[in-house]
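Novice: Input upload_37.tsv, format and content: TSV, C-alpha atoms and all ligand atoms.
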chain	number	residue	atom	x	y	z
A	1	MET	CA	0.00	0.00	0.00
A	2	PHE	CA	2.78	2.40	0.92
A	3	ASP	CA	4.46	1.65	-2.42
A	4	GLN	CA	1.23	2.30	-4.28
A	5	ALA	CA	0.76	5.57	-2.48
A	6	ALA	CA	4.32	6.59	-3.20
A	7	GLY	CA	3.82	5.72	-6.86
A	8	LEU	CA	0.70	7.76	-7.06
A	9	ARG	CA	2.41	10.68	-5.37
A	10	LYS	CA	5.21	10.49	-7.90
A	11	ARG	CA	2.82	10.31	-10.85
A	12	VAL	CA	0.94	13.39	-9.82
A	13	ASN	CA	4.05	15.32	-8.90
A	14	GLY	CA	3.72	18.90	-9.96
A	15	VAL	CA	-0.06	18.80	-10.30
A	16	ARG	CA	-1.93	21.21	-8.07
A	17	LYS	CA	-3.77	19.70	-5.13
A	18	SER	CA	-7.42	20.36	-4.27
A	19	ARG	CA	-8.53	23.31	-2.27
A	20	VAL	CA	-10.55	21.83	0.61
A	21	ILE	CA	-13.23	24.21	1.90
A	22	ALA	CA	-15.49	23.52	4.90
A	23	ILE	CA	-19.01	25.01	4.84
A	24	ALA	CA	-19.91	25.60	8.49
A	25	SER	CA	-22.20	27.62	10.76
A	26	GLY	CA	-22.77	28.33	14.42
A	27	LYS	CA	-26.55	28.16	14.13
A	28	GLY	CA	-28.40	25.38	12.28
A	29	GLY	CA	-30.72	25.81	9.31
A	30	VAL	CA	-28.95	28.88	7.90
A	31	GLY	CA	-28.46	27.30	4.45
A	32	LYS	CA	-25.11	25.43	4.54
A	33	THR	CA	-26.24	22.46	2.49
A	34	ASN	CA	-27.82	24.68	-0.16
A	35	VAL	CA	-24.64	26.78	-0.24
A	36	ALA	CA	-22.51	23.64	-0.67
A	37	VAL	CA	-24.67	22.29	-3.51
A	38	ASN	CA	-25.18	25.54	-5.45
A	39	LEU	CA	-21.67	26.85	-4.94
A	40	GLY	CA	-20.40	23.46	-6.08
A	41	MET	CA	-22.53	23.67	-9.20
A	42	ALA	CA	-21.52	27.29	-9.90
A	43	LEU	CA	-17.84	26.29	-9.62
A	44	GLN	CA	-18.37	23.31	-11.97
A	45	ARG	CA	-19.87	25.70	-14.52
A	46	LYS	CA	-16.63	27.66	-14.31
A	47	ASN	CA	-14.69	24.55	-15.28
A	48	LYS	CA	-13.61	23.56	-11.79
A	49	LYS	CA	-13.87	19.88	-10.92
A	50	VAL	CA	-15.75	19.74	-7.62
A	51	LEU	CA	-16.41	17.04	-5.01
A	52	LEU	CA	-19.08	17.57	-2.36
A	53	VAL	CA	-18.39	15.69	0.87
A	54	ASP	CA	-21.31	15.24	3.25
A	55	ALA	CA	-19.63	15.45	6.65
A	56	ASP	CA	-22.81	16.43	8.48
A	57	LEU	CA	-22.90	13.30	10.61
A	58	GLY	CA	-26.11	14.25	12.37
A	59	THR	CA	-28.35	14.98	9.43
A	60	ALA	CA	-26.41	14.04	6.32
A	61	ASN	CA	-28.63	15.27	3.53
A	62	ILE	CA	-26.90	16.49	0.37
A	63	ASP	CA	-28.40	13.42	-1.32
A	64	VAL	CA	-31.92	14.26	-0.12
A	65	LEU	CA	-31.59	17.84	-1.33
A	66	LEU	CA	-30.69	16.55	-4.79
A	67	GLY	CA	-33.18	13.67	-4.85
A	68	LEU	CA	-30.42	11.07	-5.03
A	69	THR	CA	-30.40	7.68	-3.31
A	70	PRO	CA	-26.85	6.55	-2.65
A	71	LYS	CA	-26.41	2.83	-2.02
A	72	TYR	CA	-23.14	3.21	-0.15
A	73	HIS	CA	-21.32	5.75	1.97
A	74	LEU	CA	-17.99	6.41	3.63
A	75	GLY	CA	-18.58	3.55	6.10
A	76	HIS	CA	-18.54	0.96	3.29
A	77	LEU	CA	-15.25	2.34	2.11
A	78	LEU	CA	-13.73	2.13	5.57
A	79	ASN	CA	-14.67	-1.48	6.11
A	80	GLY	CA	-13.23	-2.38	2.72
A	81	GLU	CA	-16.52	-3.47	1.15
A	82	LYS	CA	-16.46	-0.86	-1.59
A	83	GLU	CA	-14.02	1.11	-3.69
A	84	LEU	CA	-13.95	4.87	-3.88
A	85	THR	CA	-15.42	4.78	-7.38
A	86	GLU	CA	-18.40	2.79	-6.07
A	87	ILE	CA	-19.05	5.22	-3.21
A	88	ILE	CA	-18.87	8.53	-5.04
A	89	ILE	CA	-22.13	9.19	-6.86
A	90	ASP	CA	-22.83	11.35	-9.88
A	91	GLY	CA	-24.79	14.44	-9.05
A	92	PRO	CA	-26.28	16.87	-11.56
A	93	GLU	CA	-23.96	18.47	-14.12
A	94	GLY	CA	-21.04	16.21	-13.30
A	95	LEU	CA	-20.92	17.19	-9.66
A	96	ASP	CA	-19.42	14.33	-7.65
A	97	ILE	CA	-20.79	13.54	-4.19
A	98	LEU	CA	-19.30	11.53	-1.33
A	99	PRO	CA	-22.40	10.61	0.70
A	100	GLY	CA	-22.40	11.02	4.44
A	101	THR	CA	-22.55	8.29	7.01
A	102	SER	CA	-25.02	8.21	9.85
A	103	GLY	CA	-22.76	7.12	12.69
A	104	ILE	CA	-19.37	8.46	13.65
A	105	GLU	CA	-18.65	5.13	15.43
A	106	GLU	CA	-17.77	3.57	12.11
A	107	PHE	CA	-14.67	5.71	12.05
A	108	LEU	CA	-13.53	4.61	15.45
A	109	ASP	CA	-13.03	0.98	14.73
A	110	ILE	CA	-10.86	0.78	11.67
A	111	SER	CA	-8.03	-1.61	11.20
A	112	ARG	CA	-4.49	-0.84	10.13
A	113	ARG	CA	-5.21	-2.21	6.67
A	114	GLN	CA	-8.09	0.21	6.33
A	115	VAL	CA	-5.88	3.06	7.46
A	116	GLU	CA	-3.48	2.32	4.63
A	117	ARG	CA	-6.39	2.06	2.23
A	118	LEU	CA	-7.57	5.49	3.23
A	119	ARG	CA	-4.15	7.00	2.88
A	120	LEU	CA	-4.03	5.85	-0.71
A	121	LEU	CA	-7.54	7.11	-1.27
A	122	SER	CA	-6.59	10.42	0.17
A	123	PHE	CA	-4.00	10.94	-2.54
A	124	GLN	CA	-6.47	9.91	-5.24
A	125	LEU	CA	-9.03	12.41	-4.03
A	126	GLU	CA	-6.60	15.20	-3.50
A	127	TYR	CA	-5.47	15.18	-7.10
A	128	SER	CA	-8.77	14.43	-8.82
A	129	TYR	CA	-10.57	17.62	-7.86
A	130	ASP	CA	-9.87	21.34	-8.02
A	131	ILE	CA	-12.13	22.03	-5.08
A	132	ILE	CA	-13.57	19.80	-2.34
A	133	LEU	CA	-16.52	21.34	-0.46
A	134	VAL	CA	-17.24	19.76	2.92
A	135	ASP	CA	-20.72	20.24	4.43
A	136	ILE	CA	-20.26	20.31	8.24
A	137	SER	CA	-22.93	19.97	10.99
A	138	ALA	CA	-24.04	23.20	12.66
A	139	GLY	CA	-22.56	24.26	15.98
A	140	VAL	CA	-19.31	24.35	17.88
A	141	HIS	CA	-19.22	20.67	18.87
A	142	SER	CA	-15.64	19.43	19.02
A	143	SER	CA	-16.14	17.01	16.12
A	144	ASN	CA	-17.18	19.95	13.92
A	145	ILE	CA	-14.15	21.96	15.02
A	146	ASN	CA	-11.97	18.95	14.20
A	147	PHE	CA	-13.53	18.56	10.76
A	148	ILE	CA	-13.03	22.25	10.00
A	149	SER	CA	-9.44	22.08	11.23
A	150	ILE	CA	-8.49	19.52	8.60
A	151	CYS	CA	-9.77	21.74	5.78
A	152	ASP	CA	-7.69	24.48	4.17
A	153	GLU	CA	-10.43	27.05	4.52
A	154	VAL	CA	-13.83	27.56	6.05
A	155	ILE	CA	-16.86	29.47	4.83
A	156	VAL	CA	-18.86	30.50	7.91
A	157	VAL	CA	-22.51	30.89	6.86
A	158	LEU	CA	-24.89	33.14	8.79
A	159	VAL	CA	-28.24	34.87	8.35
A	160	PRO	CA	-29.19	38.41	9.41
A	161	GLU	CA	-30.52	37.47	12.86
A	162	PRO	CA	-28.82	38.29	16.18
A	163	THR	CA	-28.60	34.61	17.24
A	164	ALA	CA	-26.99	33.52	13.96
A	165	ILE	CA	-24.58	36.48	14.06
A	166	MET	CA	-23.50	35.71	17.64
A	167	ASP	CA	-23.16	31.99	16.91
A	168	ALA	CA	-21.07	32.70	13.81
A	169	TYR	CA	-18.75	34.90	15.86
A	170	SER	CA	-18.51	32.17	18.55
A	171	LEU	CA	-17.55	29.63	15.90
A	172	VAL	CA	-14.77	31.88	14.57
A	173	LYS	CA	-13.58	32.56	18.13
A	174	ILE	CA	-13.48	28.86	19.02
A	175	LEU	CA	-11.61	28.07	15.80
A	176	HIS	CA	-9.12	30.79	16.70
A	177	ASN	CA	-8.78	29.38	20.24
A	178	HIS	CA	-8.00	26.01	18.68
A	179	GLN	CA	-5.14	27.58	16.69
A	180	TYR	CA	-7.02	27.19	13.41
A	181	ASP	CA	-4.65	28.51	10.78
A	182	GLY	CA	-6.75	28.15	7.63
A	183	LYS	CA	-8.44	30.96	5.82
A	184	ILE	CA	-11.75	32.21	7.25
A	185	ASN	CA	-14.46	33.38	4.83
A	186	LEU	CA	-17.83	34.87	5.73
A	187	LEU	CA	-21.03	34.43	3.73
A	188	ILE	CA	-24.44	35.82	4.64
A	189	ASN	CA	-27.60	34.12	3.37
A	190	GLN	CA	-31.35	34.82	3.33
A	191	LEU	CA	-30.92	38.58	3.00
A	192	ASN	CA	-33.71	41.03	2.42
A	193	SER	CA	-31.26	43.66	1.34
A	194	ARG	CA	-27.64	43.47	0.31
A	195	GLN	CA	-27.00	46.70	2.19
A	196	GLU	CA	-28.07	45.04	5.46
A	197	GLY	CA	-25.76	42.11	4.78
A	198	LYS	CA	-22.86	44.38	3.94
A	199	GLY	CA	-23.28	46.25	7.25
A	200	ILE	CA	-23.38	43.01	9.26
A	201	LEU	CA	-20.38	41.35	7.59
A	202	GLU	CA	-18.24	44.49	7.66
A	203	ARG	CA	-18.94	44.94	11.38
A	204	MET	CA	-18.24	41.29	12.01
A	205	SER	CA	-14.92	41.25	10.19
A	206	LYS	CA	-13.94	44.41	12.09
A	207	VAL	CA	-14.75	42.75	15.44
A	208	ILE	CA	-12.83	39.61	14.38
A	209	ARG	CA	-9.83	41.77	13.44
A	210	GLU	CA	-9.90	43.88	16.60
A	211	TYR	CA	-10.70	41.19	19.18
A	212	LEU	CA	-9.08	38.12	17.69
A	213	GLY	CA	-6.39	39.75	15.59
A	214	ILE	CA	-7.24	37.74	12.46
A	215	GLU	CA	-8.62	38.57	9.02
A	216	ALA	CA	-11.89	37.15	7.72
A	217	GLU	CA	-12.72	37.61	4.07
A	218	ILE	CA	-16.25	38.46	2.93
A	219	VAL	CA	-17.15	36.12	0.06
A	220	GLY	CA	-20.81	36.65	-0.54
A	221	TYR	CA	-24.32	37.92	-0.09
A	222	ILE	CA	-27.19	35.57	-0.98
A	223	PRO	CA	-30.69	37.04	-1.01
A	224	PHE	CA	-33.74	35.36	0.46
A	225	ASP	CA	-35.34	33.84	-2.63
A	226	ASN	CA	-38.52	31.81	-2.89
A	227	ASN	CA	-37.06	30.06	-5.93
A	228	LEU	CA	-34.62	28.36	-3.56
A	229	ARG	CA	-37.50	27.02	-1.46
A	230	GLN	CA	-39.23	25.78	-4.62
A	231	ALA	CA	-36.03	24.03	-5.70
A	232	VAL	CA	-35.69	22.37	-2.26
A	233	LYS	CA	-39.25	21.08	-2.53
A	234	LYS	CA	-38.55	19.68	-6.00
A	235	GLN	CA	-35.31	18.09	-4.74
A	236	LYS	CA	-33.22	19.91	-7.34
A	237	ALA	CA	-30.44	22.44	-7.03
A	238	LEU	CA	-31.55	26.06	-7.39
A	239	LEU	CA	-28.95	26.58	-10.11
A	240	GLU	CA	-30.40	23.71	-12.12
A	241	LEU	CA	-33.97	25.01	-12.08
A	242	TYR	CA	-33.60	28.77	-11.72
A	243	PRO	CA	-30.07	29.82	-12.71
A	244	GLY	CA	-31.18	33.36	-13.54
A	245	SER	CA	-32.88	33.92	-10.16
A	246	ARG	CA	-31.48	36.50	-7.76
A	247	ALA	CA	-30.02	33.81	-5.47
A	248	GLY	CA	-28.74	31.90	-8.50
A	249	GLN	CA	-26.81	34.94	-9.70
A	250	ALA	CA	-25.49	35.52	-6.19
A	251	PHE	CA	-24.07	31.97	-6.04
A	252	ASP	CA	-22.35	32.64	-9.34
A	253	GLU	CA	-20.75	35.76	-7.83
A	254	VAL	CA	-19.55	33.79	-4.78
A	255	ALA	CA	-17.96	31.19	-7.06
A	256	GLU	CA	-16.17	33.95	-8.98
A	257	MET	CA	-15.04	35.58	-5.74
A	258	LEU	CA	-13.64	32.29	-4.41
A	259	ILE	CA	-11.79	31.50	-7.61
A	260	ASN	CA	-10.14	34.91	-7.53
A	261	SER	CA	-9.43	34.97	-3.80
A	262	ARG	CA	-6.14	34.28	-2.14
A	263	THR	CA	-5.80	30.66	-1.07
A	264	VAL	CA	-3.93	29.11	1.76
A	265	ASN	CA	-3.31	25.47	1.08
A	266	LYS	CA	-2.35	23.64	4.24
A	267	VAL	CA	-1.32	20.60	2.28
A	268	GLU	CA	1.25	22.52	0.29
A	269	LYS	CA	2.22	24.76	3.16
A	270	ASP	CA	2.93	22.01	5.68
A	271	ASN	CA	3.42	19.19	3.22
A	272	LYS	CA	0.90	17.21	5.27
A	273	GLU	CA	-1.21	14.28	4.20
A	274	GLY	CA	-4.25	14.67	2.00
A	275	PHE	CA	-7.73	15.42	3.22
A	276	ILE	CA	-8.77	11.85	4.05
A	277	GLY	CA	-5.41	11.26	5.73
A	278	ARG	CA	-6.03	14.25	7.95
A	279	LEU	CA	-9.59	13.06	8.54
A	280	LEU	CA	-8.21	9.78	9.69
A	281	ASN	CA	-5.77	11.35	12.08
A	282	LEU	CA	-8.77	12.76	13.94
A	283	PHE	CA	-9.71	9.27	15.01
A	284	LYS	CA	-6.32	7.92	15.93
B	301	LIG	N1	-31.45	32.03	0.22
B	301	LIG	C1	-32.53	31.41	0.71
B	301	LIG	N2	-33.77	31.86	0.40
B	301	LIG	C2	-34.89	31.25	0.88
B	301	LIG	N3	-34.86	30.20	1.69
B	301	LIG	C3	-33.66	29.69	2.04
B	301	LIG	C4	-32.43	30.26	1.58
B	301	LIG	N4	-31.41	29.54	2.08
B	301	LIG	C5	-31.96	28.57	2.83
B	301	LIG	N5	-33.32	28.65	2.82
B	301	LIG	C6	-34.28	27.79	3.53
B	301	LIG	O1	-33.63	27.25	4.65
B	301	LIG	C7	-33.76	25.82	4.64
B	301	LIG	C8	-32.54	25.19	5.27
B	301	LIG	O2	-31.46	25.24	4.36
B	301	LIG	P1	-30.25	24.19	4.48
B	301	LIG	O3	-30.77	22.81	4.63
B	301	LIG	O4	-29.33	24.46	3.35
B	301	LIG	O5	-29.62	24.69	5.86
B	301	LIG	P2	-28.45	24.01	6.71
B	301	LIG	O6	-27.66	25.11	7.29
B	301	LIG	O7	-27.74	23.01	5.88
B	301	LIG	O8	-29.29	23.26	7.85
B	301	LIG	P3	-28.72	22.19	8.92
B	301	LIG	O9	-28.00	23.00	9.96
B	301	LIG	O10	-29.96	21.53	9.43
B	301	LIG	O11	-27.81	21.26	8.18
B	301	LIG	C9	-33.99	25.47	3.19
B	301	LIG	O12	-34.70	24.26	3.07
B	301	LIG	C10	-34.77	26.63	2.66
B	301	LIG	O13	-36.15	26.45	2.93
B	302	MG	MG	-27.36	20.97	6.18
Go through the file and emit its structure as C-alpha cells.
Ligand SMILES: Nc1ncnc2c1ncn2[C@@H]1O[C@H](COP(=O)(O)OP(=O)(O)OP(=O)(O)O)[C@@H](O)[C@H]1O
Ligand SMILES: [Mg+2]

Specialist:
Amino acid sequence: MFDQAAGLRKRVNGVRKSRVIAIASGKGGVGKTNVAVNLGMALQRKNKKVLLVDADLGTANIDVLLGLTPKYHLGHLLNGEKELTEIIIDGPEGLDILPGTSGIEEFLDISRRQVERLRLLSFQLEYSYDIILVDISAGVHSSNINFISICDEVIVVLVPEPTAIMDAYSLVKILHNHQYDGKINLLINQLNSRQEGKGILERMSKVIREYLGIEAEIVGYIPFDNNLRQAVKKQKALLELYPGSRAGQAFDEVAEMLINSRTVNKVEKDNKEGFIGRLLNLFK
C-alpha cells in the first residue's frame, strides 16, 4: 500500500492539489447544504472539478436535497466493502458527491489495513478535484471543530438574525482558540437587502480583526429567494432550475469571488497528508 501511495504521489508530482473548503455555521438551518450544492454547481460551470463531501454526521442530507439515493457511503469504504469509485455518486452536471454516514462510530473501529487504504484514497481524491466542499454539521461541537481544522479554509454561513450572528462569531472565536490557521471566509444568506448584509459582515470582520487579531474575508451575499424554497421542494439544485434567479446569480458571484481569492493550502504549506489522511488522524 505504501508503495502504491508513493507511486501515485510520484505520478501526480507537480499537479496542483485540491482546495478543501469547509461550509460551516454556528446556528443550524442557515443554508449550509444549499450553499454547498449551489456553490459546487456554480464552480463546476466555471470549469472547476468539484467534489461535495457530506460530513454532516447528524443529518447528512446532500443526497436528499438533490433527490439522489446513494447505495453506499464512507462507512462501506472504511470497512473495505467498496471502492472509492463505487461510493462517489454522480450528481447533476457532473458534480461528484461523497455521501455522508449516519454514525461516527464507524470511524472509530478501523483496522491498520483500512488506514493504509484510506491514505491511498486520500491521494487519489486530493489530485482528482480542483475544489472539495465539505458540508459540516451546525454548531461548535468538538467534532465539527476537528472537521473544520483539517480543511484548508472555512466558509462560515450566517443569516441576518442576532442569534446567527453571535453563533457565527462564537464559531470563529473557538476556531481561533483552537489555533485554526486556515483561511476564514464569511457568507451571509437569506438577506432582504444586500446593504443590510454588507453592514453586518463588515462589522463582524472588524470585530474579528480587533478582538481576535485575524482577518476574515467576505465572500458573498445571498438574497432570500422563494425560488430556492421551490427548488428544495422539488429536490433539485436552485442553479439547475432557476439559474437566472437572484439567489442563483449571487451563487455565481460567490464562485467567482472564491476563484479569484487568495488561497492558503495547508497541504502545500505544511506538506501534510491529503484530506482523508487528515480526517483519519482525527480518530487515531
Ligand atoms: N437564500 C434562501 N432563500 C430562501 N430560503 C432559504 C435560503 N437559504 C436557505 N433557505 C431555507 O432554509 C432551509 C434550510 O437550508 P439548508 O438545509 O441548506 O440549511 P443548513 O444550514 O444546511 O441546515 P442544517 O443545519 O440543518 O444542516 C432550506 O430548506 C430553505 O427552505
Ligand atoms: Mg445541512

Novice: Compare A:Ser205, A:Ser261, A:Thr85, A:Asn144 by their minimum atom-to-atom distance to ligand LIG 301 (chain B), counting all atoms listed in the file, and give me the closest one.

Specialist: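 Checking each of A:Ser205, A:Ser261, A:Thr85, A:Asn144 against ligand LIG 301 (chain B), counting all atoms listed in the file, the winner is A:Asn144.
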
Novice: Report as a list in words all protein, DNA and RNA residues lying within 7 Å of Ile150 of chain A, evaluated on only C-alpha atoms, omitting residues in the same chain fewer than 3 positions from it.

Specialist: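 In the requested format, the answer is Asn146, Phe147, Phe275, Arg278 and Leu279 of chain A.
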
Novice: Which chain A residues have any atom within 7 Å of an atom of ligand LIG 301 (chain B), and for each, what is the nearest pair of atoms with distance in Å to one decimal, counting all atoms listed in the file, rows sorted by chain and number, as CSV?

Specialist:
residue,atom,partner,partner_atom,distance
A:Ser25,CA,B:LIG301,O6,6.9
A:Lys27,CA,B:LIG301,O9,6.8
A:Gly28,CA,B:LIG301,O9,3.3
A:Gly29,CA,B:LIG301,O8,3.3
A:Val30,CA,B:LIG301,O6,4.0
A:Gly31,CA,B:LIG301,O4,3.2
A:Lys32,CA,B:LIG301,O6,3.8
A:Thr33,CA,B:LIG301,O7,3.7
A:Asn34,CA,B:LIG301,O4,3.8
A:Val35,CA,B:LIG301,O4,6.3
A:Asp56,CA,B:LIG301,O11,7.0
A:Thr59,CA,B:LIG301,O11,6.4
A:Ser137,CA,B:LIG301,O11,5.8
A:Ala138,CA,B:LIG301,O9,4.8
A:Asn189,CA,B:LIG301,N1,5.4
A:Gln190,CA,B:LIG301,N1,4.2
A:Ile222,CA,B:LIG301,N1,5.7
A:Pro223,CA,B:LIG301,N1,5.2
A:Phe224,CA,B:LIG301,N2,3.5
A:Asp225,CA,B:LIG301,N2,3.9
A:Asn226,CA,B:LIG301,C2,5.3
A:Leu228,CA,B:LIG301,C2,5.3
A:Arg229,CA,B:LIG301,O13,4.6
A:Val232,CA,B:LIG301,O12,5.7
A:Ala247,CA,B:LIG301,N1,6.1

Novice: Please, what distance in Å, to one decimal, runs between atom CA of Glu253 of chain A and atom CA of Asp54 of chain A?

Specialist: 23.3 Å

Novice: Using only C-alpha atoms and all ligand atoms, which residue out of A:Ile132, A:Val157, A:Leu68, A:Ile89 lies closest to ligand MG 302 (chain B)?

Specialist: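 Between A:Ile132, A:Val157, A:Leu68, A:Ile89, the residue approaching ligand MG 302 (chain B) most closely is A:Val157.
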
Novice: Given the choices A:Gly94, A:Pro70, A:Pro243, A:Gly182, which gets closest to Ile148 of chain A if the distance is worked out from only C-alpha atoms?

Specialist: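 The answer is A:Gly182, which sits nearest to Ile148 of chain A.
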
Novice: Contacts of Tyr72 of chain A at 12 Å or less, counting only C-alpha atoms, minus same-chain residues fewer than 5 places along, as a PyMOL selection string?

Specialist: chain A and resi 63+77-89+97-102

Novice: Using all atoms listed in the file, which residue out of A:Met166, A:Leu43, A:Ile188, A:Leu241 lies closest to Asn260 of chain A?

Specialist: A:Leu43

Novice: For each of A:Glu217, A:Cys151, A:Leu65, A:Gln249, take the minimum atom-to-atom distance to ligand MG 302 (chain B), counting only C-alpha atoms and all ligand atoms, then give the residue where this is smallest.

Specialist: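 Smallest separation from ligand MG 302 (chain B) among the options: A:Leu65.
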
Novice: Restricting the calculation to only C-alpha atoms and all ligand atoms: of A:Gly75, A:Gly139, A:Pro162, A:Gly67, which residue gets closest to ligand MG 302 (chain B)?

Specialist: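 Closest to ligand MG 302 (chain B), using only C-alpha atoms and all ligand atoms: A:Gly139.
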
Novice: One number please: atom CA of Glu215 of chain A to atom CA of Ile184 of chain A, in Å, one decimal.

Specialist: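 So the answer is 7.3 Å.
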
Novice: Mind checking which residues fall within 12 Å of Gln230 of chain A, counting all atoms listed in the file, ignoring those fewer than 3 positions away in the same chain, and posting them as a list in words?

Specialist: Leu65, Asp225, Asn226, Asn227, Lys233, Lys234, Gln235, Lys236, Ala237, Leu238, Leu239, Glu240, Leu241, Tyr242 and Ser245 of chain A

Novice: May I have the residues at most 12 Å from (-25.0, 42.7, 3.7) in the file's coordinates, counting only C-alpha atoms, as a PDB file with C-alpha atoms, in the frame of the given file?

Specialist:
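And here's selection.pdb as it stands now:
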ATOM      1  CA  LEU A 158     -24.890  33.140   8.790  1.00  0.00           C
ATOM      2  CA  VAL A 159     -28.240  34.870   8.350  1.00  0.00           C
ATOM      3  CA  PRO A 160     -29.190  38.410   9.410  1.00  0.00           C
ATOM      4  CA  GLU A 161     -30.520  37.470  12.860  1.00  0.00           C
ATOM      5  CA  LEU A 186     -17.830  34.870   5.730  1.00  0.00           C
ATOM      6  CA  LEU A 187     -21.030  34.430   3.730  1.00  0.00           C
ATOM      7  CA  ILE A 188     -24.440  35.820   4.640  1.00  0.00           C
ATOM      8  CA  ASN A 189     -27.600  34.120   3.370  1.00  0.00           C
ATOM      9  CA  GLN A 190     -31.350  34.820   3.330  1.00  0.00           C
ATOM     10  CA  LEU A 191     -30.920  38.580   3.000  1.00  0.00           C
ATOM     11  CA  ASN A 192     -33.710  41.030   2.420  1.00  0.00           C
ATOM     12  CA  SER A 193     -31.260  43.660   1.340  1.00  0.00           C
ATOM     13  CA  ARG A 194     -27.640  43.470   0.310  1.00  0.00           C
ATOM     14  CA  GLN A 195     -27.000  46.700   2.190  1.00  0.00           C
ATOM     15  CA  GLU A 196     -28.070  45.040   5.460  1.00  0.00           C
ATOM     16  CA  GLY A 197     -25.760  42.110   4.780  1.00  0.00           C
ATOM     17  CA  LYS A 198     -22.860  44.380   3.940  1.00  0.00           C
ATOM     18  CA  GLY A 199     -23.280  46.250   7.250  1.00  0.00           C
ATOM     19  CA  ILE A 200     -23.380  43.010   9.260  1.00  0.00           C
ATOM     20  CA  LEU A 201     -20.380  41.350   7.590  1.00  0.00           C
ATOM     21  CA  GLU A 202     -18.240  44.490   7.660  1.00  0.00           C
ATOM     22  CA  ARG A 203     -18.940  44.940  11.380  1.00  0.00           C
ATOM     23  CA  MET A 204     -18.240  41.290  12.010  1.00  0.00           C
ATOM     24  CA  ILE A 218     -16.250  38.460   2.930  1.00  0.00           C
ATOM     25  CA  VAL A 219     -17.150  36.120   0.060  1.00  0.00           C
ATOM     26  CA  GLY A 220     -20.810  36.650  -0.540  1.00  0.00           C
ATOM     27  CA  TYR A 221     -24.320  37.920  -0.090  1.00  0.00           C
ATOM     28  CA  ILE A 222     -27.190  35.570  -0.980  1.00  0.00           C
ATOM     29  CA  PRO A 223     -30.690  37.040  -1.010  1.00  0.00           C
ATOM     30  CA  PHE A 224     -33.740  35.360   0.460  1.00  0.00           C
TER      31      PHE A 224
END

Novice: So what do you get for atom CA of Asp96 of chain A versus atom CA of Ser143 of chain A, distance-wise?

Specialist: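 Value for the atom CA of Asp96 of chain A-atom CA of Ser143 of chain A distance: 24.1 Å.
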
Novice: I'd like the contact shell of Ala42 of chain A - 10 Å cut-off, all atoms listed in the file, skipping same-chain residues fewer than 2 positions apart - returned as number ranges by chain.

Specialist: A: 36-40, 44-48, 50, 239-240, 243, 248-256

Novice: Counting only C-alpha atoms, write as a PyMOL selection string all protein and nucleic acid residues lying at most 6 Å from (-18.2, 18.0, 0.5) in the file's frame.

Specialist: chain A and resi 51-54+132-135
